[in-house]
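Novice: Shown below is the structure under consideration.
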Amino acid sequence: MTHVKVRFAPSPTGSLHIGGVRTALFNWLWARHERGTFILRIEDTDRDRSTDEAIQIILDGMKWVGLNWDEGPYRQTDRIGLYRDRAMQLLERGKAYWCVCSADELEMRRKEAQAKGLTPKYDGRCRDRGITQPTGDAALRFIAPQEGHTVVEDLIKGTVTFDNAVLDDLIILRSNGYPTYNFSVVVDDALMGITHVIRGDDHLNNTPRQIPIFQALGHPIPRFGHLSMIMGADKAKLSKRHGATSVLAYKEMGYLPEALINYLVRLGWSHGDQEIFSLQEMIDHFSFDHVQKSAAVFNPDKLLWMNAQYIKQSEPARIAALLLPFLDQVGVGDAARKAPDGWLAKLVTLFQERARTLVEMAQAAVPYLQEPIEMDADAAVKLLTSAIAPALEKLAERFQAAPDFSHAPLEEVFKQVIEEEGLKMGQLAQPVRLAVTGRTASPGLFEVIELLGRDRTLARLRKGIARAKRGNA
RNA sequence: GUCCCCAUCGUCUAGCCUGGCCUAGGACGCUGGCCUUUCAAGCCAGCAACACGGGUUCAAAUCCCGUUGGGGACGCCA
């Protein structure tokens with residue numbers, strides 16, 4: 001029984017996006033399922049595009065979704081010596097050679113080939129030059145096999161066969177001395193003892209290029225598993241064009257990390273008909289047998305539904321804590337912080353079934369924290385009429401006298417009033433709801449009133465009454 | 001252009017490997033209903049798919065071939 005070791009290896013050239021998180025998730029799940037090791041490795045060998053800021057964003061994103069790593073984060077730029085060392089070994093063993101073709105030249109030849117409808121491939125013109133001590137800029141190329149086939153037994157795709165004739169001698173060391181991706185991944189995967197390389201579909205074509213490098217390095221070849229891509233509604237690979245792709249953007253939009261994770265795991269993986277999974281369930285059931293081979297379209301509606309499910313299930317106190325920054329954004333954060341202990345959690349319970357995101361919840365919570373409230377003017381014209389004013393006044397008096405200001409007895413009081421006044425529930429409930437919340441839609445009226453408490457309820461009711469009296473009959 | 005991958009409701013998917021249990025199941029969304037003090041939630045119902053063509057077989061969503069369609073890769077990016 002070998003100890004499973006997997007890695008997530010993002011490059012810090014932008015934000016951590018949804019697709020990256022899914023790749024990380026599947027690696028993480030496999031590691032946890034197998035009680036193996038999950039490594040985080042930052043592939044920053046592109047000096048021009050990698051930034052420290054992007055590294056921080058990746059770390060923050062990983063932490064937010066809870067994908068904790070056992071080793072790392074390693075940074076490839078801290079390991080440059082390792083790659084150079086291995087590259088020189090390959091050179092000495094005759095498995096690599098110096099190439100003095102300039103980047104511009106290569107670019108030109110590539111374009112030419114493409115224009116002629118040929119496969120753009122390095123022609124190998126430096127392969128036999130035998131350059132031992134390059135004077136100017138030179139890159140080191142790996143001697144790729146040209147005969148036979150390379151077969152990959154992919155954990156997800158099954159057997160994939162490549163004709164080695166399509167392989168070209170790829171650069172493993174740039175003329176600036178930095179290794180290229182295809183080389184540094186192999187060196188690291190080899191040195192770190194990675195047993196399973198789980199990565200995006202877009203790397204499938206790199207696999208036959210990397211396998212010979214493992215061999216040249218004298219290292220066993222890991223298992224590979226290539227996950228299908230996530231696409232936007234237009235069926236193209238998910239990118240910035242598709243709006244929110246950064247994980248942290250979902251945090252800001254009021255999503256719960258566990259909802260995002262649950263949504264993502266179902267994008268390409270299934271366990272029968274089950275939709276909602278606890279982390280432990282995912283870990284227990286995860287295997288590559290049930291990973292989908294085909295690409296999946298990202299469906300924001302289903303994510304929203306998933307988030308609503310998790311909001312409903314969560315502890316009110318936890319949601320209340322997470323809600324605070326969102327309340328700040330709608331200007332009622334301070335009011336919420338001043339509320340008595342547990343009050344905000346109580347408010348949360350009223351909206352857990354009514355909000356799909358924390359942003360929605362914060363917006364819905366405004367009338368319960370803001371003073372004075374905003375009144376829906378159109379609704380006021382319709383509902384706060386002089387005809388209803390007497391009933392409202394009676395209700396206000398009874399509420400004022402109510403010994404117990406909690407929802408059940410208040411509802412009794414209310415029912416008495418409508419009976420005495422010969423009204424139907426809705427005839428009085430809607431005007432009261434409007435007076436008390438400023439809106440025509442709210443959680444259960446009596447829960448709302450209980451939450452607001454006697455003073456605020458009565459003050460708002462009286463304002464409503466005043467308006468009703470002024471209003472038209 | 002070349003190489004590689006993929007193909008079940010609009011979307012995510014079950015079923016495929018190990019053909020009959022499939023009159024193709026579930027979920028999101030949509031539509032209608034119930035519940036109801038509003039809005040939700042919940043419950044019930046409905047709409048909706050095996051890309052196409054050939055084989056193999058008593059029998060194909062399932063196996064094989066082809067076509068078409070989609071995606072990805074062809075960098076001194078990762």
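By convention here, the chains of the structure tokens are called A, B, ... in the order presented, each chain's residues are numbered starting at 1, and ligands are numbered starting at 1 in the order presented.
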Using the chain letters and numbers from this document, which residues of stretch 243-324 of chain A does DSSP assign to strand (DSSP E or B), as a ChimeraX atom specification?

Specialist: /A:246,269,291,296-297

Novice: Keeping only C-alpha atoms, take the residues you just selected and write them out as a PDB file, in the first residue's frame.

Specialist:
```pdb
ATOM      1  CA  SER A 246     -12.325  34.290  -8.618  1.00  0.00           C
ATOM      2  CA  TRP A 269     -18.436  13.908  -9.710  1.00  0.00           C
ATOM      3  CA  VAL A 291     -15.633  11.425 -12.117  1.00  0.00           C
ATOM      4  CA  ALA A 296     -19.377  20.764 -17.362  1.00  0.00           C
ATOM      5  CA  VAL A 297     -21.108  24.098 -17.720  1.00  0.00           C
TER       6      VAL A 297
END
```

Novice: Would you kindly return, as a list in words, each protein, DNA or RNA residue with an atom no farther than 9 Å from any atom of B:A78, considering only C-alpha atoms (C1' of nucleotides) and excluding same-chain residues fewer than 2 positions away?

Specialist: Pro10, Ser11, Thr13, Glu43, Asp44, Thr45, Asp46, Thr180, Tyr181 and Asn182 of chain A

Novice: Would you save the residues of that selection, restricted to C-alpha atoms, as a compact mmCIF listing (two decimals), in the first residue's frame?

Specialist:
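Result file is out20.txt:
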```
# COMPACT_ATOMS: atom_id res chain seq x y z
CA PRO A 10 -1.26 26.86 -9.36
CA SER A 11 0.71 29.57 -11.04
CA THR A 13 -0.42 34.97 -12.43
CA GLU A 43 4.61 27.40 -9.90
CA ASP A 44 6.11 30.80 -10.33
CA THR A 45 8.87 30.14 -12.82
CA ASP A 46 7.42 32.73 -15.16
CA THR A 180 10.04 25.93 -18.05
CA TYR A 181 6.81 24.44 -16.81
CA ASN A 182 7.14 21.03 -18.39
```

Novice: Please list as number ranges by chain every residue within 12 Å of A:Pro179, counting only C-alpha atoms (C1' of nucleotides) and excluding residues in the same chain fewer than 6 positions away.

Specialist: A: 43-47, 76-77, 79-88, 139-142, 170-173, 185-188; B: 76-78

Novice: Might you pull out every residue within 12 Å of B:G69, with only C-alpha atoms (C1' of nucleotides) counted and same-chain residues fewer than 5 positions away left off, and present them as a count of residues only?

Specialist: 4

Novice: Any idea what's packed within 10 Å of A:Glu315, counting only C-alpha atoms (C1' of nucleotides), ignoring anything in its chain fewer than 4 positions away? Could you give it as a PyMOL selection string?

Specialist: chain A and resi 310-311+319-320+345+348-349+352

Novice: Can you tell me, as a ChimeraX atom specification, what residues are no more than 6 Å from A:Asn164 when counting only C-alpha atoms (C1' of nucleotides), ignoring any on the same chain fewer than 3 positions away?

Specialist: /A:146-149,167

Novice: Can I get the residues of chain B within 8 Å of chain A, each with the closest pair of atoms and their distance in Å to one decimal, using only C-alpha atoms (C1' of nucleotides), sorted chain first then ascending number, as JSON lines?

Specialist:
```
{"residue": "B:G1", "atom": "C1'", "partner": "A:Gly117", "partner_atom": "CA", "distance": 4.3}
{"residue": "B:U2", "atom": "C1'", "partner": "A:Thr119", "partner_atom": "CA", "distance": 5.2}
{"residue": "B:C3", "atom": "C1'", "partner": "A:Val166", "partner_atom": "CA", "distance": 7.1}
{"residue": "B:C4", "atom": "C1'", "partner": "A:Asn205", "partner_atom": "CA", "distance": 6.3}
{"residue": "B:C5", "atom": "C1'", "partner": "A:Asp201", "partner_atom": "CA", "distance": 7.8}
{"residue": "B:C6", "atom": "C1'", "partner": "A:Ser294", "partner_atom": "CA", "distance": 5.0}
{"residue": "B:A7", "atom": "C1'", "partner": "A:Ser294", "partner_atom": "CA", "distance": 7.7}
{"residue": "B:U11", "atom": "C1'", "partner": "A:Asn299", "partner_atom": "CA", "distance": 6.3}
{"residue": "B:C12", "atom": "C1'", "partner": "A:Leu267", "partner_atom": "CA", "distance": 6.4}
{"residue": "B:U13", "atom": "C1'", "partner": "A:Ser270", "partner_atom": "CA", "distance": 7.2}
{"residue": "B:A14", "atom": "C1'", "partner": "A:Gly272", "partner_atom": "CA", "distance": 5.8}
{"residue": "B:G26", "atom": "C1'", "partner": "A:Asp273", "partner_atom": "CA", "distance": 5.2}
{"residue": "B:A27", "atom": "C1'", "partner": "A:Glu275", "partner_atom": "CA", "distance": 6.8}
{"residue": "B:C28", "atom": "C1'", "partner": "A:Lys302", "partner_atom": "CA", "distance": 4.7}
{"residue": "B:G29", "atom": "C1'", "partner": "A:Asp301", "partner_atom": "CA", "distance": 7.1}
{"residue": "B:U37", "atom": "C1'", "partner": "A:Gly426", "partner_atom": "CA", "distance": 4.9}
{"residue": "B:U38", "atom": "C1'", "partner": "A:Ala441", "partner_atom": "CA", "distance": 4.8}
{"residue": "B:C39", "atom": "C1'", "partner": "A:Ala441", "partner_atom": "CA", "distance": 4.6}
{"residue": "B:A40", "atom": "C1'", "partner": "A:Arg354", "partner_atom": "CA", "distance": 4.8}
{"residue": "B:A41", "atom": "C1'", "partner": "A:Glu353", "partner_atom": "CA", "distance": 5.3}
{"residue": "B:G71", "atom": "C1'", "partner": "A:Ala236", "partner_atom": "CA", "distance": 7.3}
{"residue": "B:G72", "atom": "C1'", "partner": "A:Asp202", "partner_atom": "CA", "distance": 5.5}
{"residue": "B:A73", "atom": "C1'", "partner": "A:Asn205", "partner_atom": "CA", "distance": 5.9}
{"residue": "B:C74", "atom": "C1'", "partner": "A:Pro120", "partner_atom": "CA", "distance": 6.7}
{"residue": "B:C76", "atom": "C1'", "partner": "A:Arg174", "partner_atom": "CA", "distance": 4.6}
{"residue": "B:C77", "atom": "C1'", "partner": "A:Asp46", "partner_atom": "CA", "distance": 7.1}
{"residue": "B:A78", "atom": "C1'", "partner": "A:Ser11", "partner_atom": "CA", "distance": 6.2}
```

Novice: Assign secondary structure with DSSP using the backbone only, and return the residues of stretch 82-232 of chain A in alpha helix (DSSP H) as an MDAnalysis selection string.

Specialist: chainID A and resid 82:92 103:115 181:191 207:216

Novice: Considering only C-alpha atoms (C1' of nucleotides), state which residue in the set B:C16, B:C9, B:C65, B:C35 is at the smallest distance from B:A49.

Specialist: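 Closest candidate: B:C9.
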
Novice: Interatomic distance between atom CA of A:Gln210 and atom CA of A:Ser15?

Specialist: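 Computing it gives 26.5 Å between the two atoms.
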